[in-house]
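One file, structure.csv, is given below (CSV, C-alpha atoms).
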chain,number,residue,atom,x,y,z
A,1,MET,CA,-94.3,-20.4,-5.1
A,2,SER,CA,-90.8,-19.5,-6.1
A,3,LEU,CA,-89.6,-19.0,-9.7
A,4,LEU,CA,-87.5,-22.2,-9.3
A,5,SER,CA,-90.4,-24.4,-8.2
A,6,ALA,CA,-92.6,-22.9,-10.9
A,7,ALA,CA,-90.0,-23.7,-13.5
A,8,ARG,CA,-89.7,-27.3,-12.3
A,9,LYS,CA,-93.4,-28.1,-12.9
A,10,ARG,CA,-93.7,-30.0,-16.2
A,11,PRO,CA,-96.1,-28.3,-18.5
A,12,ASP,CA,-98.9,-30.3,-20.1
A,13,PRO,CA,-99.1,-30.8,-23.9
A,14,VAL,CA,-101.8,-28.0,-24.2
A,15,SER,CA,-99.6,-25.5,-22.4
A,16,LEU,CA,-96.7,-26.5,-24.6
A,17,SER,CA,-98.8,-25.9,-27.7
A,18,PHE,CA,-99.7,-22.4,-26.4
A,19,LEU,CA,-95.9,-21.8,-25.9
A,20,ALA,CA,-95.2,-23.0,-29.4
A,21,VAL,CA,-97.9,-20.9,-31.1
A,22,THR,CA,-96.9,-17.8,-29.2
A,23,PHE,CA,-93.3,-18.3,-30.2
A,24,MET,CA,-94.0,-18.9,-33.9
A,25,THR,CA,-96.4,-16.0,-34.2
A,26,GLY,CA,-93.7,-13.9,-32.5
A,27,VAL,CA,-91.2,-15.1,-35.1
A,28,ALA,CA,-93.5,-14.3,-38.0
A,29,VAL,CA,-94.3,-10.8,-36.6
A,30,ALA,CA,-90.6,-10.2,-35.7
A,31,LEU,CA,-89.6,-10.9,-39.3
A,32,GLN,CA,-92.1,-8.4,-40.7
A,33,VAL,CA,-92.3,-5.4,-38.2
A,34,PRO,CA,-88.6,-4.3,-37.8
A,35,THR,CA,-88.0,-4.0,-41.6
A,36,LEU,CA,-91.4,-2.7,-42.6
A,37,SER,CA,-90.5,1.0,-42.6
A,38,LEU,CA,-87.3,0.2,-44.5
A,39,PHE,CA,-89.3,-2.0,-47.0
A,40,LEU,CA,-91.7,0.8,-47.7
A,41,ALA,CA,-89.0,3.5,-48.0
A,42,GLU,CA,-86.4,1.5,-50.0
A,43,GLU,CA,-88.3,-1.3,-51.8
A,44,VAL,CA,-91.7,0.4,-52.5
A,45,GLN,CA,-90.0,3.8,-52.6
A,46,VAL,CA,-92.4,6.0,-50.8
A,47,ARG,CA,-91.7,9.2,-48.8
A,48,PRO,CA,-91.8,9.3,-44.9
A,49,PHE,CA,-95.3,10.6,-44.7
A,50,LEU,CA,-96.7,7.6,-46.7
A,51,VAL,CA,-94.7,5.3,-44.4
A,52,GLY,CA,-96.4,6.8,-41.4
A,53,LEU,CA,-99.8,6.7,-43.2
A,54,PHE,CA,-99.4,3.0,-43.7
A,55,TYR,CA,-99.0,2.4,-40.0
A,56,THR,CA,-101.9,4.7,-39.1
A,57,VAL,CA,-104.3,3.1,-41.6
A,58,ASN,CA,-103.2,-0.4,-40.5
A,59,ALA,CA,-103.9,0.5,-36.9
A,60,VAL,CA,-107.3,2.0,-37.6
A,61,ILE,CA,-108.5,-1.0,-39.6
A,62,GLY,CA,-107.0,-3.2,-37.0
A,63,ILE,CA,-109.1,-1.7,-34.2
A,64,LEU,CA,-112.3,-2.0,-36.3
A,65,ILE,CA,-111.7,-5.6,-37.3
A,66,SER,CA,-110.5,-6.7,-33.8
A,67,GLN,CA,-113.7,-5.2,-32.2
A,68,TRP,CA,-115.9,-7.0,-34.7
A,69,LEU,CA,-114.1,-10.3,-34.2
A,70,GLY,CA,-113.8,-9.8,-30.5
A,71,HIS,CA,-117.5,-9.3,-30.2
A,72,ARG,CA,-118.2,-12.5,-32.2
A,73,SER,CA,-115.7,-14.5,-30.1
A,74,ASP,CA,-117.2,-13.2,-26.8
A,75,ASN,CA,-120.7,-14.2,-27.9
A,76,GLY,CA,-120.3,-17.9,-28.1
A,77,GLY,CA,-117.6,-18.1,-30.6
A,78,ASP,CA,-114.7,-20.6,-30.7
A,79,ARG,CA,-111.4,-18.8,-30.3
A,80,LYS,CA,-109.4,-21.7,-31.7
A,81,GLN,CA,-111.1,-21.5,-35.0
A,82,LEU,CA,-110.7,-17.7,-35.1
A,83,ILE,CA,-107.0,-18.1,-34.3
A,84,LEU,CA,-106.6,-20.6,-37.1
A,85,ARG,CA,-108.2,-18.3,-39.6
A,86,CYS,CA,-106.0,-15.5,-38.5
A,87,CYS,CA,-102.9,-17.7,-39.1
A,88,LEU,CA,-104.1,-18.5,-42.6
A,89,ALA,CA,-104.6,-14.7,-43.2
A,90,GLY,CA,-101.0,-14.3,-42.1
A,91,ILE,CA,-99.8,-16.7,-44.8
A,92,VAL,CA,-101.7,-14.7,-47.5
A,93,LEU,CA,-100.4,-11.4,-46.1
A,94,SER,CA,-96.8,-12.6,-46.2
A,95,LEU,CA,-97.2,-13.8,-49.8
A,96,LEU,CA,-98.7,-10.5,-50.8
A,97,PHE,CA,-95.7,-8.5,-49.4
A,98,ALA,CA,-93.3,-11.0,-50.9
A,99,TRP,CA,-94.5,-10.5,-54.5
A,100,ASN,CA,-96.2,-7.1,-54.6
A,101,ARG,CA,-94.6,-3.6,-54.7
A,102,GLN,CA,-97.7,-1.5,-55.3
A,103,TYR,CA,-98.2,0.8,-52.3
A,104,TRP,CA,-101.9,1.3,-52.6
A,105,LEU,CA,-102.6,-2.4,-52.8
A,106,LEU,CA,-100.5,-2.9,-49.7
A,107,VAL,CA,-102.3,-0.1,-47.8
A,108,SER,CA,-105.7,-1.5,-48.8
A,109,LEU,CA,-105.8,-5.3,-49.1
A,110,GLY,CA,-102.5,-5.6,-47.1
A,111,VAL,CA,-103.8,-3.8,-44.0
A,112,VAL,CA,-107.0,-5.8,-44.0
A,113,LEU,CA,-105.0,-9.0,-44.0
A,114,ALA,CA,-102.6,-7.6,-41.5
A,115,SER,CA,-105.5,-6.6,-39.2
A,116,LEU,CA,-107.0,-10.1,-39.4
A,117,THR,CA,-103.6,-11.6,-38.7
A,118,ALA,CA,-102.9,-9.3,-35.7
A,119,THR,CA,-106.2,-10.5,-34.1
A,120,ALA,CA,-104.5,-13.9,-33.5
A,121,SER,CA,-102.4,-12.5,-30.6
A,122,PRO,CA,-105.2,-11.1,-28.3
A,123,GLN,CA,-107.4,-14.1,-29.0
A,124,LEU,CA,-104.5,-16.5,-28.2
A,125,PHE,CA,-103.9,-14.7,-24.9
A,126,ALA,CA,-107.6,-14.6,-24.1
A,127,LEU,CA,-107.8,-18.4,-24.8
A,128,ALA,CA,-104.7,-19.0,-22.6
A,129,ARG,CA,-106.2,-17.0,-19.7
A,130,GLU,CA,-109.5,-19.0,-19.9
A,131,TYR,CA,-107.5,-22.2,-20.1
A,132,ALA,CA,-105.3,-21.2,-17.1
A,133,ASP,CA,-108.4,-20.3,-15.1
A,134,SER,CA,-110.1,-23.6,-16.0
A,135,ARG,CA,-107.0,-25.5,-14.7
A,136,ASN,CA,-106.4,-23.3,-11.7
A,137,LYS,CA,-103.0,-22.2,-13.0
A,138,ARG,CA,-101.5,-18.8,-11.9
A,139,ALA,CA,-102.8,-16.7,-14.7
A,140,ASP,CA,-100.3,-13.8,-14.2
A,141,MET,CA,-97.3,-16.2,-14.4
A,142,PHE,CA,-98.7,-18.2,-17.3
A,143,SER,CA,-99.3,-15.0,-19.2
A,144,SER,CA,-95.8,-13.7,-18.5
A,145,VAL,CA,-94.3,-17.0,-19.6
A,146,LEU,CA,-96.3,-16.8,-22.8
A,147,ARG,CA,-95.2,-13.2,-23.4
A,148,ALA,CA,-91.6,-14.3,-22.8
A,149,GLN,CA,-91.9,-16.7,-25.7
A,150,PHE,CA,-92.9,-13.7,-27.9
A,151,SER,CA,-89.9,-11.8,-26.7
A,152,LEU,CA,-87.7,-14.8,-27.3
A,153,ALA,CA,-88.9,-14.8,-30.9
A,154,TRP,CA,-87.9,-11.1,-31.1
A,155,VAL,CA,-84.4,-12.1,-30.1
A,156,ILE,CA,-84.2,-14.2,-33.2
A,157,GLY,CA,-86.5,-12.4,-35.6
A,158,PRO,CA,-85.1,-8.9,-36.1
A,159,PRO,CA,-81.5,-10.0,-36.8
A,160,ALA,CA,-82.8,-12.7,-39.0
A,161,ALA,CA,-85.1,-10.3,-40.8
A,162,PHE,CA,-82.4,-7.8,-41.6
A,163,ALA,CA,-80.0,-10.7,-42.6
A,164,LEU,CA,-82.6,-12.2,-45.0
A,165,ALA,CA,-83.7,-8.8,-46.4
A,166,ILE,CA,-80.1,-7.5,-46.9
A,167,GLY,CA,-78.6,-10.9,-48.0
A,168,TYR,CA,-81.4,-12.4,-50.0
A,169,GLY,CA,-84.0,-9.8,-50.5
A,170,PHE,CA,-87.4,-9.0,-49.0
A,171,GLU,CA,-89.1,-11.7,-51.0
A,172,VAL,CA,-87.2,-14.5,-49.1
A,173,MET,CA,-87.8,-12.7,-45.8
A,174,TYR,CA,-91.6,-12.6,-46.3
A,175,LEU,CA,-91.6,-16.2,-47.5
A,176,ALA,CA,-89.9,-17.2,-44.2
A,177,SER,CA,-92.7,-15.3,-42.4
A,178,ALA,CA,-95.3,-17.3,-44.4
A,179,LEU,CA,-93.7,-20.5,-43.3
A,180,ALA,CA,-93.8,-19.4,-39.7
A,181,TYR,CA,-97.6,-18.8,-40.0
A,182,LEU,CA,-98.1,-22.1,-41.7
A,183,ILE,CA,-96.4,-23.9,-38.7
A,184,CYS,CA,-98.7,-21.9,-36.4
A,185,ALA,CA,-101.8,-22.9,-38.2
A,186,LEU,CA,-100.8,-26.6,-38.0
A,187,VAL,CA,-100.1,-26.4,-34.3
A,188,VAL,CA,-103.4,-24.5,-33.6
A,189,TRP,CA,-105.4,-27.0,-35.7
A,190,ARG,CA,-103.8,-30.1,-34.0
A,191,TRP,CA,-103.3,-29.2,-30.3
A,192,LEU,CA,-105.0,-26.0,-29.1
A,193,PRO,CA,-108.2,-26.6,-27.1
A,194,SER,CA,-111.6,-25.5,-28.2
A,195,LEU,CA,-113.3,-23.6,-25.4
A,196,PRO,CA,-116.6,-22.1,-26.7
A,197,LEU,CA,-117.7,-19.2,-24.6
A,198,PRO,CA,-121.2,-18.6,-23.3
A,199,SER,CA,-123.2,-15.9,-25.0
A,200,SER,CA,-123.5,-13.9,-21.8
A,201,GLN,CA,-120.3,-12.0,-22.5
A,202,GLY,CA,-121.2,-9.2,-24.8
A,203,GLY,CA,-120.5,-5.7,-26.0
A,204,GLY,CA,-122.5,-4.0,-23.2
A,205,GLU,CA,-119.9,-4.9,-20.6
A,206,ARG,CA,-117.2,-3.3,-22.8
A,207,VAL,CA,-119.0,0.0,-22.7
A,208,SER,CA,-119.5,-0.1,-18.9
A,209,SER,CA,-115.8,-1.0,-18.4
A,210,TRP,CA,-114.7,2.1,-20.4
A,211,ARG,CA,-116.8,4.2,-18.0
A,212,ASP,CA,-114.7,2.9,-15.1
A,213,PRO,CA,-112.1,5.6,-14.4
A,214,SER,CA,-109.5,3.1,-13.5
A,215,VAL,CA,-109.8,1.2,-16.7
A,216,ARG,CA,-109.9,4.4,-18.7
A,217,ALA,CA,-106.7,5.7,-17.0
A,218,LEU,CA,-105.0,2.4,-17.7
A,219,PHE,CA,-106.1,2.5,-21.3
A,220,ILE,CA,-104.7,6.0,-21.7
A,221,ALA,CA,-101.4,5.1,-20.0
A,222,SER,CA,-101.1,1.9,-22.1
A,223,THR,CA,-101.9,3.7,-25.3
A,224,LEU,CA,-99.2,6.3,-24.6
A,225,MET,CA,-96.6,3.7,-23.8
A,226,TRP,CA,-97.3,1.7,-27.0
A,227,THR,CA,-97.3,5.0,-28.9
A,228,CYS,CA,-93.7,5.5,-27.8
A,229,ASN,CA,-92.7,2.0,-28.6
A,230,SER,CA,-94.3,2.1,-32.1
A,231,MET,CA,-92.6,5.4,-32.8
A,232,TYR,CA,-89.3,3.8,-31.9
A,233,LEU,CA,-89.9,0.8,-34.1
A,234,ILE,CA,-90.9,2.9,-37.1
A,235,ASN,CA,-88.2,5.5,-36.7
A,236,MET,CA,-85.1,3.6,-35.6
A,237,PRO,CA,-84.1,1.8,-38.8
A,238,LEU,CA,-84.4,5.1,-40.8
A,239,TYR,CA,-82.7,7.1,-38.0
A,240,ILE,CA,-79.7,4.8,-37.9
A,241,THR,CA,-79.2,4.7,-41.7
A,242,ARG,CA,-80.2,8.2,-42.8
A,243,GLU,CA,-79.1,10.4,-39.9
A,244,LEU,CA,-76.4,8.5,-38.1
A,245,GLY,CA,-75.0,6.8,-41.1
A,246,LEU,CA,-74.6,3.5,-39.4
A,247,GLU,CA,-75.2,0.0,-40.8
A,248,GLU,CA,-78.7,-1.3,-41.4
A,249,LYS,CA,-78.1,-4.4,-39.4
A,250,LEU,CA,-77.6,-2.4,-36.2
A,251,ALA,CA,-81.4,-1.9,-36.0
A,252,GLY,CA,-81.8,-5.6,-35.9
A,253,ILE,CA,-79.1,-6.0,-33.3
A,254,LEU,CA,-80.8,-3.3,-31.1
A,255,MET,CA,-84.2,-4.9,-31.3
A,256,GLY,CA,-82.9,-8.4,-30.8
A,257,THR,CA,-80.8,-7.2,-27.8
A,258,ALA,CA,-83.9,-5.6,-26.2
A,259,ALA,CA,-86.0,-8.7,-26.7
A,260,ALA,CA,-83.4,-10.9,-25.1
A,261,LEU,CA,-83.1,-8.6,-22.1
A,262,GLU,CA,-86.9,-8.3,-21.8
A,263,ILE,CA,-87.4,-12.0,-21.0
A,264,PRO,CA,-86.0,-12.0,-17.4
A,265,PHE,CA,-87.8,-8.7,-16.6
A,266,MET,CA,-91.0,-10.1,-18.0
A,267,LEU,CA,-90.8,-13.2,-15.8
A,268,LEU,CA,-89.7,-11.3,-12.7
A,269,ALA,CA,-92.6,-8.9,-13.2
A,270,GLY,CA,-95.1,-11.8,-13.4
A,271,TYR,CA,-93.6,-13.2,-10.1
A,272,TYR,CA,-93.2,-10.0,-8.1
A,273,THR,CA,-96.7,-8.6,-8.9
A,274,ARG,CA,-97.9,-11.2,-6.4
A,275,ARG,CA,-95.9,-9.4,-3.7
A,276,PHE,CA,-96.1,-5.8,-4.6
A,277,GLY,CA,-99.1,-5.5,-6.9
A,278,LYS,CA,-99.2,-4.3,-10.5
A,279,ARG,CA,-99.1,-0.5,-10.0
A,280,PRO,CA,-95.6,-0.2,-8.6
A,281,MET,CA,-94.3,-2.5,-11.4
A,282,MET,CA,-95.9,-0.4,-14.1
A,283,LEU,CA,-94.6,2.8,-12.6
A,284,LEU,CA,-91.1,1.3,-12.6
A,285,ALA,CA,-91.6,0.4,-16.2
A,286,VAL,CA,-92.7,3.8,-17.3
A,287,LEU,CA,-89.8,5.5,-15.5
A,288,ALA,CA,-87.4,3.2,-17.4
A,289,GLY,CA,-89.2,4.2,-20.6
A,290,VAL,CA,-88.7,7.9,-19.8
A,291,GLY,CA,-85.0,7.3,-19.3
A,292,PHE,CA,-84.8,5.2,-22.5
A,293,TYR,CA,-86.3,7.9,-24.8
A,294,ALA,CA,-84.4,10.7,-23.1
A,295,GLY,CA,-81.2,8.6,-23.7
A,296,LEU,CA,-82.1,8.4,-27.4
A,297,VAL,CA,-82.3,12.1,-27.6
A,298,THR,CA,-78.9,12.7,-26.0
A,299,LEU,CA,-76.8,9.7,-27.1
A,300,SER,CA,-76.0,8.5,-30.6
A,301,SER,CA,-73.0,6.2,-30.6
A,302,GLN,CA,-73.4,2.6,-31.4
A,303,GLY,CA,-72.3,1.5,-27.9
A,304,ALA,CA,-74.6,3.9,-26.2
A,305,LEU,CA,-77.6,2.7,-28.3
A,306,ILE,CA,-76.9,-0.9,-27.4
A,307,ALA,CA,-76.5,0.0,-23.7
A,308,LEU,CA,-79.8,1.9,-23.7
A,309,GLN,CA,-81.6,-1.4,-24.6
A,310,LEU,CA,-81.5,-2.3,-20.9
A,311,LEU,CA,-83.9,0.5,-20.1
A,312,ASN,CA,-86.0,-0.4,-23.1
A,313,ALA,CA,-86.1,-4.0,-21.9
A,314,ILE,CA,-87.3,-3.0,-18.4
A,315,PHE,CA,-90.0,-0.8,-20.0
A,316,ILE,CA,-91.4,-3.2,-22.6
A,317,GLY,CA,-90.8,-6.3,-20.6
A,318,ILE,CA,-92.9,-5.2,-17.6
A,319,VAL,CA,-95.6,-3.5,-19.7
A,320,ALA,CA,-96.0,-6.4,-22.1
A,321,GLY,CA,-95.7,-9.0,-19.2
A,322,ILE,CA,-98.3,-7.7,-16.9
A,323,GLY,CA,-100.2,-5.0,-18.9
A,324,MET,CA,-102.8,-7.5,-20.2
A,325,SER,CA,-103.4,-9.1,-16.8
A,326,TYR,CA,-103.7,-5.6,-15.3
A,327,PHE,CA,-106.7,-5.0,-17.6
A,328,GLN,CA,-108.1,-8.5,-16.8
A,329,ASP,CA,-107.8,-7.9,-13.0
A,330,LEU,CA,-109.6,-4.6,-13.3
A,331,MET,CA,-112.3,-6.3,-15.4
A,332,PRO,CA,-112.8,-9.7,-13.6
A,333,GLY,CA,-114.7,-12.4,-15.5
A,334,ARG,CA,-114.2,-10.7,-18.9
A,335,ALA,CA,-110.9,-11.9,-20.3
A,336,GLY,CA,-112.0,-11.5,-23.9
A,337,VAL,CA,-113.1,-7.9,-23.4
A,338,ALA,CA,-110.1,-7.0,-21.3
A,339,THR,CA,-107.6,-8.5,-23.7
A,340,THR,CA,-109.2,-6.8,-26.7
A,341,LEU,CA,-109.0,-3.5,-24.8
A,342,PHE,CA,-105.3,-4.0,-24.1
A,343,ALA,CA,-104.7,-5.0,-27.7
A,344,ASN,CA,-106.6,-1.9,-28.9
A,345,SER,CA,-104.4,0.3,-26.7
A,346,ILE,CA,-101.5,-1.1,-28.7
A,347,ARG,CA,-103.3,-0.4,-32.0
A,348,THR,CA,-104.4,3.1,-30.9
A,349,GLY,CA,-100.7,3.7,-30.0
A,350,SER,CA,-99.8,2.6,-33.5
A,351,ILE,CA,-102.3,5.1,-35.0
A,352,MET,CA,-100.8,7.9,-33.0
A,353,ALA,CA,-97.2,6.7,-33.7
A,354,GLY,CA,-97.7,6.4,-37.4
A,355,ALA,CA,-99.1,9.9,-37.7
A,356,ILE,CA,-96.6,11.5,-35.3
A,357,ALA,CA,-93.5,9.7,-36.5
A,358,GLY,CA,-94.3,10.3,-40.2
A,359,THR,CA,-95.1,13.9,-39.7
A,360,VAL,CA,-92.3,14.8,-37.4
A,361,ALA,CA,-89.7,13.0,-39.6
A,362,GLU,CA,-91.1,14.8,-42.7
A,363,ILE,CA,-91.1,18.3,-41.3
A,364,TRP,CA,-88.3,18.1,-38.7
A,365,SER,CA,-86.0,15.1,-38.3
A,366,PHE,CA,-85.9,11.4,-37.3
A,367,HIS,CA,-84.1,12.6,-34.1
A,368,GLY,CA,-87.0,14.8,-33.3
A,369,VAL,CA,-89.3,11.8,-33.2
A,370,PHE,CA,-87.5,10.7,-30.0
A,371,MET,CA,-88.0,14.1,-28.4
A,372,VAL,CA,-91.7,13.7,-28.9
A,373,ALA,CA,-91.6,10.2,-27.5
A,374,THR,CA,-89.9,11.4,-24.3
A,375,ALA,CA,-92.7,13.9,-23.7
A,376,LEU,CA,-95.4,11.1,-24.3
A,377,ALA,CA,-93.6,8.8,-21.9
A,378,LEU,CA,-93.9,11.5,-19.2
A,379,ALA,CA,-97.6,11.8,-20.0
A,380,ALA,CA,-97.9,8.0,-19.7
A,381,LEU,CA,-96.3,8.2,-16.2
A,382,ALA,CA,-98.9,10.8,-15.1
A,383,ALA,CA,-101.8,8.6,-16.4
A,384,CYS,CA,-100.4,5.4,-14.8
A,385,TRP,CA,-100.2,7.2,-11.5
A,386,ARG,CA,-104.0,7.4,-11.4
A,387,VAL,CA,-104.5,3.6,-11.8
A,388,PRO,CA,-105.2,1.7,-8.5
A,389,ASN,CA,-103.0,-1.1,-7.3
A,390,VAL,CA,-104.4,-4.7,-7.7

Rewrite the structure of this file - the entire thing - as structure tokens.
Amino acid sequence: MSLLSAARKRPDPVSLSFLAVTFMTGVAVALQVPTLSLFLAEEVQVRPFLVGLFYTVNAVIGILISQWLGHRSDNGGDRKQLILRCCLAGIVLSLLFAWNRQYWLLVSLGVVLASLTATASPQLFALAREYADSRNKRADMFSSVLRAQFSLAWVIGPPAAFALAIGYGFEVMYLASALAYLICALVVWRWLPSLPLPSSQGGGERVSSWRDPSVRALFIASTLMWTCNSMYLINMPLYITRELGLEEKLAGILMGTAAALEIPFMLLAGYYTRRFGKRPMMLLAVLAGVGFYAGLVTLSSQGALIALQLLNAIFIGIVAGIGMSYFQDLMPGRAGVATTLFANSIRTGSIMAGAIAGTVAEIWSFHGVFMVATALALAALAACWRVPNV
């Protein structure tokens, strides 16, 4: 099947609802994440170490909550109801950040709500995989198209986030995020299917999967990749404003540019994995990541930073587009477990990124963070080399 013929097929209403929810959750996340470090540093007025601590605590709590909720959903739970509750948690989270400036409340209640909210994404993709399998759709391509909606949201979200935060204040920005989660909740409630799972899927399989050296190598590689990406997201706004002396809105432009460029690479990755397999595509992605972070170390002009987003787009577009299905293919019949493992590689990366970025920026420099990211990208390449092709 060609990309053109795939595009000509008219999606059914349920598929459209998956696209809509993925896009709107992406908008909500893209309004919050790019400005979070700036919000904590400028609005809440905490030092870089506490900024990094927030990301680390958020990721640790996120792993614990996602494992608990993932276990429940894989043992006869209804993913639709879980996704709906996560969207409602997102509304409360956005309102908390809109009206509260107490750091310790944000790092306690805030991270619990954020962890509940973040569980929506892996559960949404797990439900989409199960729906695609039940309708004999190409799961790789469907997952890539869904992930492309998330990237499309990131084309809009970061520039809008900085425009709202700078022009109208963080309160308005977080209220816009609350509205996005409200729309998500309504679409989930009205149109997403309920596909209760049999109780045979359980935590024992998750343990045996971790003992698989291929799964373990992919988890390590994925964790290192997302560590690099999270370090970039944490560090870039502060690096641009405090070390380079450039305008704050440039961070939003960079993130939006990368997200726009990710979409074609994401779709192409979903298509060409059928011909070449996932391993060559992932190796290409990590090589692009090494080039991207090495470029951040050596280049600092506005034009160069924008041009480097092409490498960033290849890196994240391919990893985000096929990374989840790579886990699913290595763990056949266990979409929920595989998706949770992929999501937890992202969260583990956030734990490492928060600790590394905050510490390196505090004792060295924001520029030094990108030097560490380059080394981690090389380590990810070595780990990815050990994963078999599927």

Quick one: residues within 7 Å of stretch 115-128 of chain A, all atoms listed in the file, excluding same-chain residues fewer than 6 positions away - as an mmCIF file with C-alpha atoms, in the frame of the given file?
data_model
loop_
_atom_site.group_PDB
_atom_site.id
_atom_site.type_symbol
_atom_site.label_atom_id
_atom_site.label_comp_id
_atom_site.auth_asym_id
_atom_site.auth_seq_id
_atom_site.Cartn_x
_atom_site.Cartn_y
_atom_site.Cartn_z
ATOM 1 C CA ASN A 58 -103.200 -0.400 -40.500
ATOM 2 C CA ILE A 61 -108.500 -1.000 -39.600
ATOM 3 C CA GLY A 62 -107.000 -3.200 -37.000
ATOM 4 C CA ILE A 65 -111.700 -5.600 -37.300
ATOM 5 C CA SER A 66 -110.500 -6.700 -33.800
ATOM 6 C CA ARG A 79 -111.400 -18.800 -30.300
ATOM 7 C CA ILE A 83 -107.000 -18.100 -34.300
ATOM 8 C CA CYS A 86 -106.000 -15.500 -38.500
ATOM 9 C CA CYS A 87 -102.900 -17.700 -39.100
ATOM 10 C CA ALA A 89 -104.600 -14.700 -43.200
ATOM 11 C CA GLY A 90 -101.000 -14.300 -42.100
ATOM 12 C CA ALA A 335 -110.900 -11.900 -20.300
ATOM 13 C CA GLY A 336 -112.000 -11.500 -23.900
ATOM 14 C CA THR A 339 -107.600 -8.500 -23.700
ATOM 15 C CA THR A 340 -109.200 -6.800 -26.700
ATOM 16 C CA ALA A 343 -104.700 -5.000 -27.700
#

Determine, for each residue of stretch 220-280 of chain A having at least one atom at most 10 Å from an atom of stretch 326-329 of chain A, the closest pair of atoms and their separation in Å to one decimal, counting only C-alpha atoms; order by chain and ascending number, as JSON lines.
{"residue": "A:Ser222", "atom": "CA", "partner": "A:Phe327", "partner_atom": "CA", "distance": 10.0}
{"residue": "A:Thr273", "atom": "CA", "partner": "A:Tyr326", "partner_atom": "CA", "distance": 9.9}
{"residue": "A:Gly277", "atom": "CA", "partner": "A:Tyr326", "partner_atom": "CA", "distance": 9.6}
{"residue": "A:Lys278", "atom": "CA", "partner": "A:Tyr326", "partner_atom": "CA", "distance": 6.7}
{"residue": "A:Arg279", "atom": "CA", "partner": "A:Tyr326", "partner_atom": "CA", "distance": 8.7}

Q | Residue with smallest distance to A:Gly252 - pool A:Leu310, A:Met236, A:Val92, A:Ala353, counting only C-alpha atoms | A | A:Met236

**Q.** Proximity to A:Ile322 - best of A:Leu50, A:Met141, A:Ala41, A:Ala176, only C-alpha atoms
**A.** A:Met141

Q) Which residue gives the smallest distance to A:Ser194 among A:Leu95, A:Leu84, A:Leu224, A:Val112, with all atoms listed in the file counted? A) A:Leu84

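When atom CA of A:Ala288 is paired with atom CA of A:Pro48, their separation reads 28.5 Å.
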
Quick one: which stretch 52-132 of chain A residues come within 7 Å of stretch 354-362 of chain A, and what is the nearest atom pair for each with the distance in Å to one decimal, counting all atoms listed in the file, rows ordered by chain and ascending number, as a Markdown table?
| residue | atom | partner | partner_atom | distance |
| --- | --- | --- | --- | --- |
| A:Gly52 | CA | A:Gly354 | CA | 4.2 |
| A:Leu53 | CA | A:Gly354 | CA | 6.2 |
| A:Tyr55 | CA | A:Gly354 | CA | 4.9 |
| A:Thr56 | CA | A:Gly354 | CA | 4.8 |

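Here the question is which of A:Leu254, A:Leu341, A:Leu311, A:Val319 gets nearest to A:Met266 using all atoms listed in the file, and that residue is A:Val319.
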
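Here atom CA of A:Leu40 is placed at a distance of 8.8 Å from atom CA of A:Arg101.
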
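Atom pair atom CA of A:Gly26 / atom CA of A:Ala165 has a distance of 17.9 Å (rounded to one decimal).
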
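Near A:Ile156, within a cut-off of 9 Å and counting only C-alpha atoms, sit the residues Val27, Ala30, Leu31, Gly256, Ala259 and Ala260 of chain A, with same-chain residues fewer than 6 positions away left out.
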